[in-house]
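Here is the file run-v3.cif (mmCIF, C-alpha atoms).
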data_coords
loop_
_atom_site.label_atom_id
_atom_site.label_comp_id
_atom_site.auth_asym_id
_atom_site.auth_seq_id
_atom_site.Cartn_x
_atom_site.Cartn_y
_atom_site.Cartn_z
CA MET A 150 39.91 88.21 79.86
CA LYS A 151 42.48 90.39 81.53
CA THR A 152 46.07 89.21 81.66
CA SER A 153 47.74 88.97 85.07
CA LYS A 154 49.89 91.97 84.11
CA VAL A 155 46.86 94.18 83.49
CA VAL A 156 45.17 92.93 86.66
CA TRP A 157 48.28 93.84 88.64
CA LEU A 158 48.28 97.33 87.14
CA SER A 159 44.63 97.81 88.04
CA LYS A 160 45.46 97.74 91.77
CA GLU A 161 45.98 100.91 93.79
CA ASP A 162 48.68 99.19 95.87
CA SER A 163 50.75 98.49 92.75
CA TRP A 164 50.68 102.11 91.64
CA ALA A 165 51.35 103.40 95.16
CA ASN A 166 54.52 101.28 95.15
CA ILE A 167 55.51 102.36 91.64
CA ILE A 168 55.09 106.09 92.31
CA GLY A 169 56.50 106.00 95.85
CA LEU A 170 59.59 103.99 94.91
CA PHE A 171 60.08 106.04 91.73
CA LEU A 172 60.30 109.13 93.92
CA VAL A 173 62.64 107.52 96.45
CA ILE A 174 65.01 106.17 93.78
CA GLY A 175 64.80 109.27 91.58
CA ILE A 176 65.44 111.75 94.39
CA GLY A 177 68.30 109.60 95.73
CA LEU A 178 69.96 109.35 92.31
CA PHE A 179 69.60 113.07 91.58
CA TRP A 180 71.29 113.79 94.91
CA LEU A 181 74.11 111.25 94.36
CA LEU A 182 74.78 112.59 90.84
CA ASP A 183 74.85 116.24 92.01
CA GLY A 184 71.67 117.02 90.13
CA PHE A 185 69.49 117.76 93.13
CA PHE A 186 69.11 121.40 92.05
CA ILE A 187 66.99 120.17 89.12
CA ILE A 188 64.27 118.64 91.28
CA LYS A 189 64.29 121.26 94.04
CA ILE A 190 61.31 122.88 92.30
CA LEU A 191 59.17 120.09 93.78
CA ASN A 192 60.17 121.13 97.31
CA VAL A 193 57.21 123.48 97.74
CA LYS A 194 57.07 124.63 101.38
CA PHE A 195 55.38 127.72 102.75
CA ASN A 196 57.13 130.13 105.08
CA THR A 197 55.65 131.19 108.40
CA TRP A 198 53.64 134.39 108.15
CA GLY A 199 51.72 136.57 110.55
CA GLU A 200 49.18 139.33 110.73
CA THR A 201 48.06 140.05 107.16
CA ASP A 202 51.48 139.62 105.56
CA ILE A 203 50.32 136.68 103.45
CA LEU A 204 52.92 137.30 100.73
CA LYS A 205 55.63 136.27 103.19
CA ALA A 206 54.28 132.71 102.97
CA PHE A 207 55.31 132.61 99.30
CA LYS A 208 58.84 133.89 99.87
CA ASN A 209 61.33 131.97 97.67
CA LEU A 210 58.41 130.31 95.85
CA GLU A 211 57.49 130.98 92.25
CA LEU A 212 54.35 130.16 90.29
CA TRP A 213 56.07 127.56 88.14
CA TYR A 214 57.05 125.59 91.28
CA PHE A 215 53.34 124.94 91.85
CA VAL A 216 52.85 124.20 88.15
CA ALA A 217 55.69 121.66 88.27
CA LEU A 218 54.31 119.97 91.41
CA PHE A 219 50.78 119.85 90.00
CA GLY A 220 52.03 118.61 86.64
CA PHE A 221 54.22 115.87 88.13
CA PHE A 222 51.53 114.34 90.30
CA GLY A 223 48.72 115.19 87.90
CA ILE A 224 50.32 113.20 85.07
CA TRP A 225 51.10 110.21 87.30
CA PHE A 226 47.64 110.19 88.85
CA SER A 227 45.92 110.60 85.48
CA VAL A 228 47.68 107.47 84.23
CA VAL A 229 46.63 105.64 87.39
CA SER A 230 43.01 106.77 87.07
CA LYS A 231 42.78 105.14 83.63
CA PHE A 232 44.25 101.85 84.82
CA ILE A 233 41.97 101.61 87.87
CA GLY A 234 38.87 102.44 85.86
CA LYS A 235 38.19 106.07 86.80
CA ASN A 236 36.84 108.73 84.44
CA LEU A 237 39.88 110.76 83.37
CA ARG A 238 38.08 114.07 82.90
CA ALA A 239 36.32 113.81 86.26
CA PHE A 240 39.58 112.90 87.96
CA ILE A 241 41.47 115.86 86.50
CA VAL A 242 38.75 118.24 87.71
CA SER A 243 38.64 116.71 91.20
CA PHE A 244 42.43 116.67 91.57
CA SER A 245 42.63 120.30 90.43
CA VAL A 246 40.13 121.26 93.14
CA LEU A 247 42.02 119.14 95.65
CA PHE A 248 45.34 120.79 94.76
CA ALA A 249 43.86 124.30 95.08
CA LEU A 250 42.37 123.39 98.48
CA SER A 251 45.71 121.98 99.64
CA ILE A 252 47.38 125.32 98.90
CA LEU A 253 44.77 126.97 101.12
CA VAL A 254 45.43 124.37 103.83
CA PHE A 255 49.17 125.01 103.79
CA LEU A 256 48.59 128.77 103.89
CA ILE A 257 46.42 128.41 106.99
CA SER A 258 48.78 125.95 108.73
CA SER A 259 51.83 128.17 108.11
CA HIS A 260 50.30 131.14 109.96
CA GLN A 261 52.23 131.83 113.15
CA ASN A 262 49.11 131.75 115.37
CA VAL A 263 48.10 128.37 113.96
CA LYS A 264 51.64 127.05 114.48
CA GLU A 265 51.54 128.10 118.13
CA TYR A 266 48.64 125.71 118.66
CA GLN A 267 50.47 123.00 116.64
CA LEU A 268 47.57 122.60 114.24
CA GLU A 269 49.33 120.73 111.45
CA SER A 270 48.19 120.75 107.82
CA PRO A 271 46.58 117.25 107.87
CA LEU A 272 44.21 118.19 110.70
CA ILE A 273 43.30 121.47 109.02
CA ALA A 274 42.73 119.58 105.75
CA LEU A 275 40.39 117.16 107.52
CA LEU A 276 38.39 119.97 109.14
CA LEU A 277 38.21 121.97 105.91
CA GLY A 278 37.10 118.89 104.00
CA LEU A 279 34.42 118.12 106.60
CA LEU A 280 33.15 121.71 106.43
CA LEU A 281 32.93 121.78 102.63
CA GLY A 282 31.64 118.22 102.32
CA ASN A 283 28.77 118.85 104.71
CA LEU A 284 27.89 122.42 103.72
CA PHE A 285 27.66 121.66 100.01
CA ASP A 286 26.01 118.83 98.13
CA LEU A 287 29.01 117.58 96.16
CA PRO A 288 28.27 115.65 92.94
CA MET A 289 28.86 111.89 93.02
CA TRP A 290 31.30 111.99 90.06
CA PHE A 291 33.48 114.33 92.11
CA LYS A 292 33.42 112.09 95.20
CA ASP A 293 34.15 108.99 93.13
CA SER A 294 37.31 110.67 91.85
CA LEU A 295 38.71 111.31 95.35
CA LEU A 296 41.32 108.54 95.70
CA THR A 297 41.60 108.58 99.49
CA GLU A 298 43.13 105.13 100.04
CA PHE A 299 45.51 105.55 97.09
CA TYR A 300 46.97 108.80 98.43
CA VAL A 301 47.55 107.44 101.92
CA LYS A 302 49.29 104.37 100.49
CA ILE A 303 51.74 106.55 98.55
CA GLY A 304 52.39 108.51 101.74
CA ILE A 305 53.11 105.32 103.67
CA VAL A 306 55.58 104.12 101.00
CA LEU A 307 57.36 107.49 101.26
CA MET A 308 57.28 107.08 105.04
CA GLY A 309 59.48 104.01 104.64
CA ALA A 310 62.24 106.16 103.16
CA THR A 311 62.45 108.15 106.41
CA LEU A 312 62.74 105.03 108.58
CA PRO A 313 66.19 103.39 108.28
CA LEU A 314 66.24 99.61 107.99
CA THR A 315 68.13 99.37 111.29
CA THR A 316 65.25 101.16 113.03
CA LEU A 317 62.72 98.75 111.55
CA ILE A 318 64.79 95.75 112.64
CA ASN A 319 65.41 97.06 116.16
CA ALA A 320 61.88 98.30 116.77
CA GLY A 321 59.86 95.86 114.69
CA GLY A 322 59.63 93.18 117.38
CA ILE A 323 58.28 95.51 120.05
CA ALA A 324 55.92 97.17 117.58
CA ILE A 325 54.48 93.85 116.42
CA LEU A 326 54.14 92.56 119.99
CA GLN A 327 52.30 95.70 121.13
CA ALA A 328 50.17 95.74 117.97
CA CYS A 329 49.23 92.07 118.28
CA THR A 330 48.23 92.57 121.92
CA ILE A 331 45.96 95.51 121.14
CA THR A 332 44.53 93.83 118.02
CA ILE A 333 43.58 90.57 119.72
CA VAL A 334 42.11 92.23 122.81
CA THR A 335 40.17 94.90 120.89
CA PHE A 336 38.80 92.45 118.34
CA GLY A 337 37.73 90.07 121.10
CA VAL A 338 36.00 92.78 123.13
CA ILE A 339 34.07 94.23 120.17
CA TYR A 340 33.09 90.78 118.89
CA PHE A 341 31.94 89.65 122.34
CA ALA A 342 29.97 92.86 122.93
CA ALA A 343 28.35 92.67 119.49
CA THR A 344 27.39 88.99 119.51
CA LYS A 345 26.92 88.05 123.18
CA LEU A 346 25.73 91.29 124.79
CA LEU A 347 23.87 92.91 121.89
CA LYS A 348 22.95 89.76 119.91
CA LEU A 349 24.20 91.00 116.54
CA ASP A 350 25.01 88.63 113.69
CA PRO A 351 28.49 87.00 114.14
CA SER A 352 29.62 88.13 110.68
CA PHE A 353 28.63 91.70 111.58
CA GLY A 354 30.47 91.40 114.92
CA ALA A 355 33.63 90.22 113.15
CA THR A 356 33.41 93.14 110.69
CA LEU A 357 33.04 95.65 113.53
CA GLY A 358 35.90 94.00 115.43
CA ALA A 359 38.19 94.15 112.41
CA GLY A 360 37.45 97.82 111.80
CA GLY A 361 38.31 98.65 115.41
CA SER A 362 41.38 96.47 115.78
CA ILE A 363 43.24 96.06 112.49
CA CYS A 364 43.20 98.77 109.85
CA GLY A 365 39.90 100.61 109.94
CA VAL A 366 38.02 101.00 106.66
CA SER A 367 40.20 98.53 104.73
CA ALA A 368 39.79 95.86 107.41
CA SER A 369 36.03 96.37 107.52
CA ILE A 370 35.86 95.70 103.78
CA VAL A 371 38.33 92.79 103.66
CA ILE A 372 37.18 91.01 106.81
CA GLY A 373 33.53 91.80 106.16
CA ASN A 374 33.68 90.09 102.79
CA ALA A 375 35.69 87.18 104.21
CA ALA A 376 33.01 86.75 106.89
CA LYS A 377 30.24 86.98 104.26
CA ALA A 378 28.72 89.92 106.09
CA LYS A 379 25.87 91.84 104.49
CA GLN A 380 26.93 94.89 102.48
CA GLU A 381 24.87 97.18 104.71
CA HIS A 382 26.75 95.82 107.73
CA ILE A 383 30.09 96.55 106.06
CA SER A 384 28.88 100.08 105.26
CA LEU A 385 27.77 100.60 108.87
CA SER A 386 31.15 99.40 110.14
CA ILE A 387 32.96 101.81 107.83
CA SER A 388 30.79 104.70 109.03
CA ILE A 389 31.50 103.90 112.69
CA VAL A 390 35.24 103.66 111.99
CA VAL A 391 35.11 107.08 110.32
CA ILE A 392 33.27 108.58 113.33
CA TYR A 393 35.85 107.39 115.82
CA ALA A 394 38.77 108.12 113.51
CA ILE A 395 37.68 111.77 113.41
CA VAL A 396 37.13 111.84 117.18
CA MET A 397 40.54 110.32 117.87
CA VAL A 398 42.43 112.54 115.44
CA ILE A 399 41.37 115.46 117.64
CA LEU A 400 41.29 113.76 121.06
CA LEU A 401 44.54 111.77 121.06
CA PRO A 402 46.94 114.70 120.37
CA VAL A 403 45.15 116.74 123.06
CA LEU A 404 45.50 113.90 125.58
CA CYS A 405 49.16 113.33 124.65
CA LYS A 406 49.99 116.99 125.19
CA ALA A 407 47.92 117.24 128.38
CA LEU A 408 49.76 114.21 129.80
CA ASP A 409 53.09 115.65 128.56
CA LEU A 410 53.99 112.39 126.83
CA ASP A 411 57.31 111.86 125.11
CA ALA A 412 56.92 111.96 121.30
CA GLY A 413 57.85 108.28 120.93
CA VAL A 414 55.35 107.25 123.59
CA ALA A 415 52.67 109.47 122.06
CA GLY A 416 53.22 108.01 118.60
CA ALA A 417 53.00 104.46 119.95
CA TRP A 418 49.75 105.25 121.79
CA ILE A 419 48.26 106.79 118.66
CA GLY A 420 49.38 103.73 116.71
CA THR A 421 47.50 101.40 119.06
CA SER A 422 44.38 103.52 119.59
CA GLU A 423 43.65 105.15 116.22
CA PHE A 424 41.44 103.23 113.81
CA ALA A 425 42.46 104.49 110.37
CA ASP A 426 45.88 105.06 108.80
CA SER A 427 45.01 108.49 107.44
CA ALA A 428 43.55 109.84 110.68
CA GLY A 429 46.34 108.29 112.74
CA LEU A 430 49.00 109.95 110.61
CA ALA A 431 47.24 113.29 111.08
CA ALA A 432 47.17 112.74 114.85
CA ALA A 433 50.83 111.69 114.98
CA GLN A 434 51.88 114.66 112.87
CA SER A 435 50.05 116.96 115.27
CA ILE A 436 52.57 115.98 117.96
CA GLY A 437 55.13 117.98 115.98
CA ASP A 438 57.98 115.45 116.16
CA GLU A 439 59.15 112.96 113.52
CA ARG A 440 59.62 110.34 116.27
CA ALA A 441 55.87 110.30 116.88
CA ILE A 442 55.19 109.69 113.18
CA ALA A 443 57.79 106.90 113.07
CA ALA A 444 56.45 105.18 116.21
CA PHE A 445 52.89 105.40 114.89
CA THR A 446 53.95 103.92 111.55
CA LEU A 447 55.68 100.96 113.16
CA ILE A 448 52.68 100.11 115.35
CA LYS A 449 49.88 100.77 112.87
CA VAL A 450 51.38 99.93 109.49
CA VAL A 451 53.97 97.26 110.33
CA GLY A 452 52.25 95.88 113.43
CA ARG A 453 48.53 95.99 112.58
CA ASP A 454 47.90 96.52 108.86
CA MET A 455 50.19 93.75 107.65
CA PHE A 456 48.20 91.02 109.42
CA VAL A 457 44.92 91.75 107.66
CA GLY A 458 45.48 88.75 105.36
CA VAL A 459 45.96 86.39 108.30
CA TRP A 460 42.79 87.69 109.95
CA ALA A 461 40.92 87.28 106.66
CA VAL A 462 41.82 83.57 106.59
CA LEU A 463 40.79 83.05 110.22
CA VAL A 464 37.48 84.85 109.80
CA ALA A 465 36.74 83.14 106.47
CA PHE A 466 37.33 79.77 108.15
CA LEU A 467 34.98 80.65 111.01
CA SER A 468 32.40 81.82 108.49
CA VAL A 469 32.51 78.51 106.62
CA ALA A 470 32.81 76.29 109.70
CA LEU A 471 30.36 78.03 112.04
CA TRP A 472 28.37 80.98 110.72
CA HIS A 473 27.47 79.78 107.20
CA LYS A 474 27.94 76.02 107.43
CA GLN A 475 25.36 75.36 104.75
CA GLU A 476 27.55 77.01 102.10
CA ASN A 477 30.09 74.69 100.48
CA THR A 478 33.01 77.12 100.34
CA GLN A 479 36.71 76.32 100.56
CA VAL A 480 39.15 78.56 102.41
CA GLY A 481 42.63 78.64 100.88
CA VAL A 482 45.79 79.90 102.53
CA LYS A 483 46.46 81.93 99.36
CA ILE A 484 43.94 84.44 100.67
CA ILE A 485 46.72 85.67 102.99
CA TRP A 486 48.68 86.91 99.99
CA GLU A 487 45.59 88.14 98.17
CA LYS A 488 44.47 90.28 101.11
CA PHE A 489 47.95 91.33 102.25
CA PRO A 490 48.32 95.12 101.75
CA LYS A 491 51.04 95.23 99.08
CA PHE A 492 51.93 98.87 99.78
CA ILE A 493 53.64 97.64 102.97
CA LEU A 494 56.17 95.92 100.71
CA GLY A 495 56.83 99.30 99.12
CA PHE A 496 57.27 100.78 102.59
CA LEU A 497 59.90 98.13 103.44
CA ILE A 498 61.68 98.43 100.07
CA ALA A 499 61.87 102.23 100.46
CA SER A 500 63.55 101.77 103.85
CA ILE A 501 66.04 99.29 102.36
CA LEU A 502 66.83 101.57 99.40
CA VAL A 503 67.58 104.60 101.54
CA SER A 504 69.75 102.46 103.83
CA ILE A 505 71.71 101.28 100.77
CA PHE A 506 72.01 104.84 99.42
CA SER A 507 73.49 106.10 102.70
CA LEU A 508 75.60 103.01 103.45
CA ASN A 509 79.03 104.63 102.95
CA PHE A 510 78.20 108.24 103.81
CA ASP A 511 80.40 110.13 106.22
CA ALA A 512 78.83 112.42 108.83
CA THR A 513 78.76 115.46 106.49
CA GLN A 514 77.26 113.54 103.58
CA SER A 515 74.71 111.89 105.84
CA GLU A 516 73.57 115.25 107.20
CA SER A 517 73.33 116.73 103.69
CA PHE A 518 71.42 113.71 102.35
CA SER A 519 69.00 113.85 105.25
CA LYS A 520 68.42 117.59 104.88
CA GLU A 521 68.03 117.69 101.10
CA SER A 522 66.95 114.30 99.78
CA LEU A 523 64.92 113.08 102.76
CA GLY A 524 63.70 116.64 103.34
CA LEU A 525 62.15 116.65 99.85
CA ILE A 526 60.59 113.23 100.42
CA LYS A 527 59.03 114.48 103.67
CA THR A 528 57.66 117.57 101.89
CA LEU A 529 56.07 115.46 99.14
CA ARG A 530 54.75 113.06 101.77
CA ASN A 531 53.08 116.00 103.51
CA TRP A 532 51.37 117.08 100.28
CA VAL A 533 50.09 113.55 99.66
CA PHE A 534 48.80 113.21 103.22
CA THR A 535 47.08 116.58 102.94
CA TRP A 536 45.23 115.38 99.83
CA THR A 537 44.30 112.26 101.80
CA PHE A 538 42.72 114.17 104.66
CA LEU A 539 40.91 116.54 102.33
CA CYS A 540 39.41 113.46 100.64
CA VAL A 541 38.40 111.95 103.99
CA GLY A 542 36.60 115.14 105.00
CA LEU A 543 34.95 115.70 101.63
CA ASN A 544 33.66 112.12 101.57
CA THR A 545 32.31 112.11 105.13
CA GLN A 546 28.60 112.89 105.48
CA LEU A 547 27.90 113.59 109.15
CA ARG A 548 24.12 113.43 108.70
CA THR A 549 24.43 109.90 107.29
CA ILE A 550 26.71 108.76 110.10
CA ILE A 551 24.41 110.13 112.79
CA SER A 552 21.66 107.78 111.57
CA ILE A 553 23.66 104.65 112.53
CA GLY A 554 21.88 102.11 114.73
CA ILE A 555 22.67 102.21 118.43
CA LYS A 556 23.67 98.54 118.85
CA PRO A 557 26.67 98.41 116.45
CA PHE A 558 27.79 101.83 117.63
CA LEU A 559 27.58 100.70 121.27
CA ALA A 560 29.54 97.50 120.55
CA PHE A 561 32.30 99.52 118.89
CA THR A 562 32.27 102.06 121.74
CA ILE A 563 32.82 99.28 124.30
CA GLY A 564 35.89 98.29 122.28
CA VAL A 565 37.12 101.88 122.30
CA ALA A 566 36.64 102.03 126.07
CA VAL A 567 39.06 99.10 126.42
CA ASN A 568 41.41 100.00 123.57
CA LEU A 569 42.20 103.56 124.68
CA PRO A 570 43.43 102.85 128.24
CA LEU A 571 45.11 99.60 127.16
CA GLY A 572 47.04 101.45 124.46
CA TYR A 573 48.09 104.05 127.01
CA PHE A 574 49.24 101.35 129.45
CA LEU A 575 51.27 99.51 126.83
CA SER A 576 52.95 102.68 125.55
CA SER A 577 53.43 104.57 128.82
CA TYR A 578 54.22 101.72 131.20
CA LEU A 579 54.90 98.26 129.77
CA PHE A 580 57.04 99.42 126.81
CA TYR A 581 57.82 102.90 128.13
CA ASP A 582 61.62 102.52 128.26
CA PHE A 583 61.69 101.42 124.65
CA TRP A 584 59.50 104.18 123.21
CA VAL A 585 60.98 107.00 125.28
CA ASN A 586 64.43 106.14 123.86
CA PHE A 587 63.12 105.42 120.37
CA MET A 588 65.22 107.06 117.59
CA LYS A 589 67.29 109.05 120.06
#
Spell out the structure here as structure tokens.
Amino acid sequence: MKTSKVVWLSKEDSWANIIGLFLVIGIGLFWLLDGFFIIKILNVKFNTWGETDILKAFKNLELWYFVALFGFFGIWFSVVSKFIGKNLRAFIVSFSVLFALSILVFLISSHQNVKEYQLESPLIALLLGLLLGNLFDLPMWFKDSLLTEFYVKIGIVLMGATLPLTTLINAGGIAILQACTITIVTFGVIYFAATKLLKLDPSFGATLGAGGSICGVSASIVIGNAAKAKQEHISLSISIVVIYAIVMVILLPVLCKALDLDAGVAGAWIGTSEFADSAGLAAAQSIGDERAIAAFTLIKVVGRDMFVGVWAVLVAFLSVALWHKQENTQVGVKIIWEKFPKFILGFLIASILVSIFSLNFDATQSESFSKESLGLIKTLRNWVFTWTFLCVGLNTQLRTIISIGIKPFLAFTIGVAVNLPLGYFLSSYLFYDFWVNFMK
């Protein structure tokens, strides 16, 4: 029987917090102790290049910088793979391929023509992953070693370091209010469409509603199991979430730019109308402004993801009381903590730590800390998110998704038809003054 300590270390959330906070604390201490020059080798960023002058992209970069970056994350992730029950050899191979592909992604995204169209590395990673994942029949051992959710959780913890605690306190109320509004309305619309209009099973309707209103794939799994939905229904919900996540990662940035939205407003809209953390981060990053990423994070991560435990309790209660009354199952409040995404705690702790680090900085020190320490955190965050989007693309089989039944897809689409304009209204009208002045 596993001890509670080992069980805790077998969770991706635990390791995302450990690695993310290790980086935040370590980088902060190196900077405070004037040892930042030691860890600058991890700050691997490509220079803009044009025409065929590809060597310009590697200016000021040396081979051992890439070796150091690969070695640092490779060792950490190898340890994690053992604790969470992955095959170590398979993981090392898959991560090596992922790292090589990410270098290609950054090379493409740093080309001056690509930059003109604001095609950021996460979007290119997603498209490249989709291309390779659907052109080639990738072995299952390789796919099983792609830790998509784990990578995005580390990125979100690192995101907390770039959002000061004062920003979270000042913006948290509005973000939660907007997120709760969109969550309740979207869930209700999808559930009503699925169960009343299309006569689908209530547990299936709740699973679809959760995927479209809370936190995408994770919500489909958590809420689907709480509702005692069939495994094939959970799988269908995940597939539909992936379809619309890919659609929105391309559509939302285009709409935001066509409507000439302020970055804060755009980020808030993406936060309310994107269905998966990874795809939403790619969309927000495509806006090309850190304010958009911050606004998205507040709405999606703080406002929507953190309530998955509460929704799990409500849905589990409905399942026991209405949908599966014949089953003698008890619903405990402890499920809130069990289903709560623990990486959000890491996100909050990272914000607190950076606020403490910079508490007594003068203007010059604050600027230097932001440029060097937070700059390195943002660079590492970008690498982690790029691995995330490569994994999403490599794991997405378009031919499988196309075979989805029309009824669940239609129910979800009705929810999208309400969610998208409602998110725009909340961000561009009701809370416009707040988001347009956000982080200015």
I need the residue nearest Gly184 (chain A) from this list: A:Glu439, A:Asp582, A:Glu521, A:Asp409. Use only C-alpha atoms for the distance.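 Smallest distance to Gly184 (chain A) is found for A:Glu521.
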Surrounding residues of Thr297 (chain A) excluding itself and chain neighbours under 3 positions, 6 Å, all atoms listed in the file, as a list in words: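 With the cut-off at 6 Å, the set is Tyr300, Thr537 and Cys540 of chain A.
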Could you write out that same residue set with C-alpha atoms as a compact mmCIF listing (two decimals), in the frame of the given file?
# COMPACT_ATOMS: atom_id res chain seq x y z
CA TYR A 300 46.97 108.80 98.43
CA THR A 537 44.30 112.26 101.80
CA CYS A 540 39.41 113.46 100.64
For Val541 (chain A), find every residue with an atom within 10 Å (counting only C-alpha atoms), except residues of its own chain fewer than 5 positions away, and show them as a ChimeraX atom specification. /A:274-276,278-279,282,295-298,391,395,427-428,535-536,546
Pull C-alpha atoms from the residues just selected and write them as a PDB file, in the frame of the given file.
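Saved to again_22.pdb:
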ATOM      1  CA  ALA A 274      42.730 119.580 105.750  1.00  0.00           C
ATOM      2  CA  LEU A 275      40.390 117.160 107.520  1.00  0.00           C
ATOM      3  CA  LEU A 276      38.390 119.970 109.140  1.00  0.00           C
ATOM      4  CA  GLY A 278      37.100 118.890 104.000  1.00  0.00           C
ATOM      5  CA  LEU A 279      34.420 118.120 106.600  1.00  0.00           C
ATOM      6  CA  GLY A 282      31.640 118.220 102.320  1.00  0.00           C
ATOM      7  CA  LEU A 295      38.710 111.310  95.350  1.00  0.00           C
ATOM      8  CA  LEU A 296      41.320 108.540  95.700  1.00  0.00           C
ATOM      9  CA  THR A 297      41.600 108.580  99.490  1.00  0.00           C
ATOM     10  CA  GLU A 298      43.130 105.130 100.040  1.00  0.00           C
ATOM     11  CA  VAL A 391      35.110 107.080 110.320  1.00  0.00           C
ATOM     12  CA  ILE A 395      37.680 111.770 113.410  1.00  0.00           C
ATOM     13  CA  SER A 427      45.010 108.490 107.440  1.00  0.00           C
ATOM     14  CA  ALA A 428      43.550 109.840 110.680  1.00  0.00           C
ATOM     15  CA  THR A 535      47.080 116.580 102.940  1.00  0.00           C
ATOM     16  CA  TRP A 536      45.230 115.380  99.830  1.00  0.00           C
ATOM     17  CA  GLN A 546      28.600 112.890 105.480  1.00  0.00           C
TER      18      GLN A 546
END
If I take CA of Gly175 (chain A) and CA of Ser519 (chain A), how far is one from the other in Å, to one decimal? 15.0 Å
Could you tell me which residues the PyMOL selection byres ((chain A and resi 190) around 10) returns for this structure, as a PyMOL selection string? chain A and resi 185-189+191-193+210-211+213-218+525
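Each of A:Val567, A:Leu579, A:Ile383, A:Ile176 was checked against Ala310 (chain A) using all atoms listed in the file; the smallest atom-to-atom distance is that of A:Ile176.
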Which residue out of A:Ala407, A:Leu250, A:Val263, A:Ile168 has the minimum interatomic distance to Trp198 (chain A) when all atoms listed in the file are used?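 When distances to Trp198 (chain A) are compared using all atoms listed in the file, the smallest one comes from A:Val263.
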Which residue out of A:Leu347, A:Leu543, A:Ala375, A:Ala443 has the minimum interatomic distance to Ser294 (chain A) when only C-alpha atoms are used?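 For Ser294 (chain A), the nearest of the candidates is A:Leu543.
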List, as an MDAnalysis selection string, every residue that the PyMOL selection byres ((chain A and resi 321) around 12) selects in the file provided. chainID A and resid 312:320 322:329 443:453 497 583:584 587
Between A:Tyr266, A:Phe510, A:Phe336, A:Phe291, which has the minimum distance to Ala239 (chain A) (counting all atoms listed in the file)?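 Smallest separation from Ala239 (chain A) among the options: A:Phe291.
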Nearest-residue call for Ala431 (chain A), choices A:Arg530, A:Lys194, A:Lys556, A:Lys589, using all atoms listed in the file: A:Arg530
Starting from the displayed file, determine the output of the PyMOL selection byres ((chain A and resi 413) around 7) and express the residue list as a PyMOL selection string. chain A and resi 411-412+414-417+440-441+444+584-585+587
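Atom pair CA of Val229 (chain A) / CA of Asp426 (chain A): separated by 21.4 Å.
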Between CA of Leu539 (chain A) and CA of Leu277 (chain A), measure the distance and give it in Å to one decimal. 7.0 Å
Using all atoms listed in the file, give me every residue within 10 Å of (34.8, 108.1, 109.4) in file coordinates, as JSON, numbers by chain. {"A": [365, 366, 386, 387, 388, 389, 390, 391, 392, 393, 394, 395, 396, 424, 425, 428, 541, 542, 544, 545, 546, 547, 550]}
Assuming 3 Å of padding per side, give the centre and edge lengths of the axis-aligned box around every listed atom of region 440-453 of chain A, in Å to one decimal and as AutoDock Vina command-line options.
--center_x 54.1 --center_y 103.1 --center_z 113.2 --size_x 17.1 --size_y 20.5 --size_z 13.4
Please provide the set of residues having any atom within 10 Å of Glu200 (chain A), restricted to all atoms listed in the file, with same-chain residues fewer than 5 positions apart removed, written as an MDAnalysis selection string. chainID A and resid 260:262
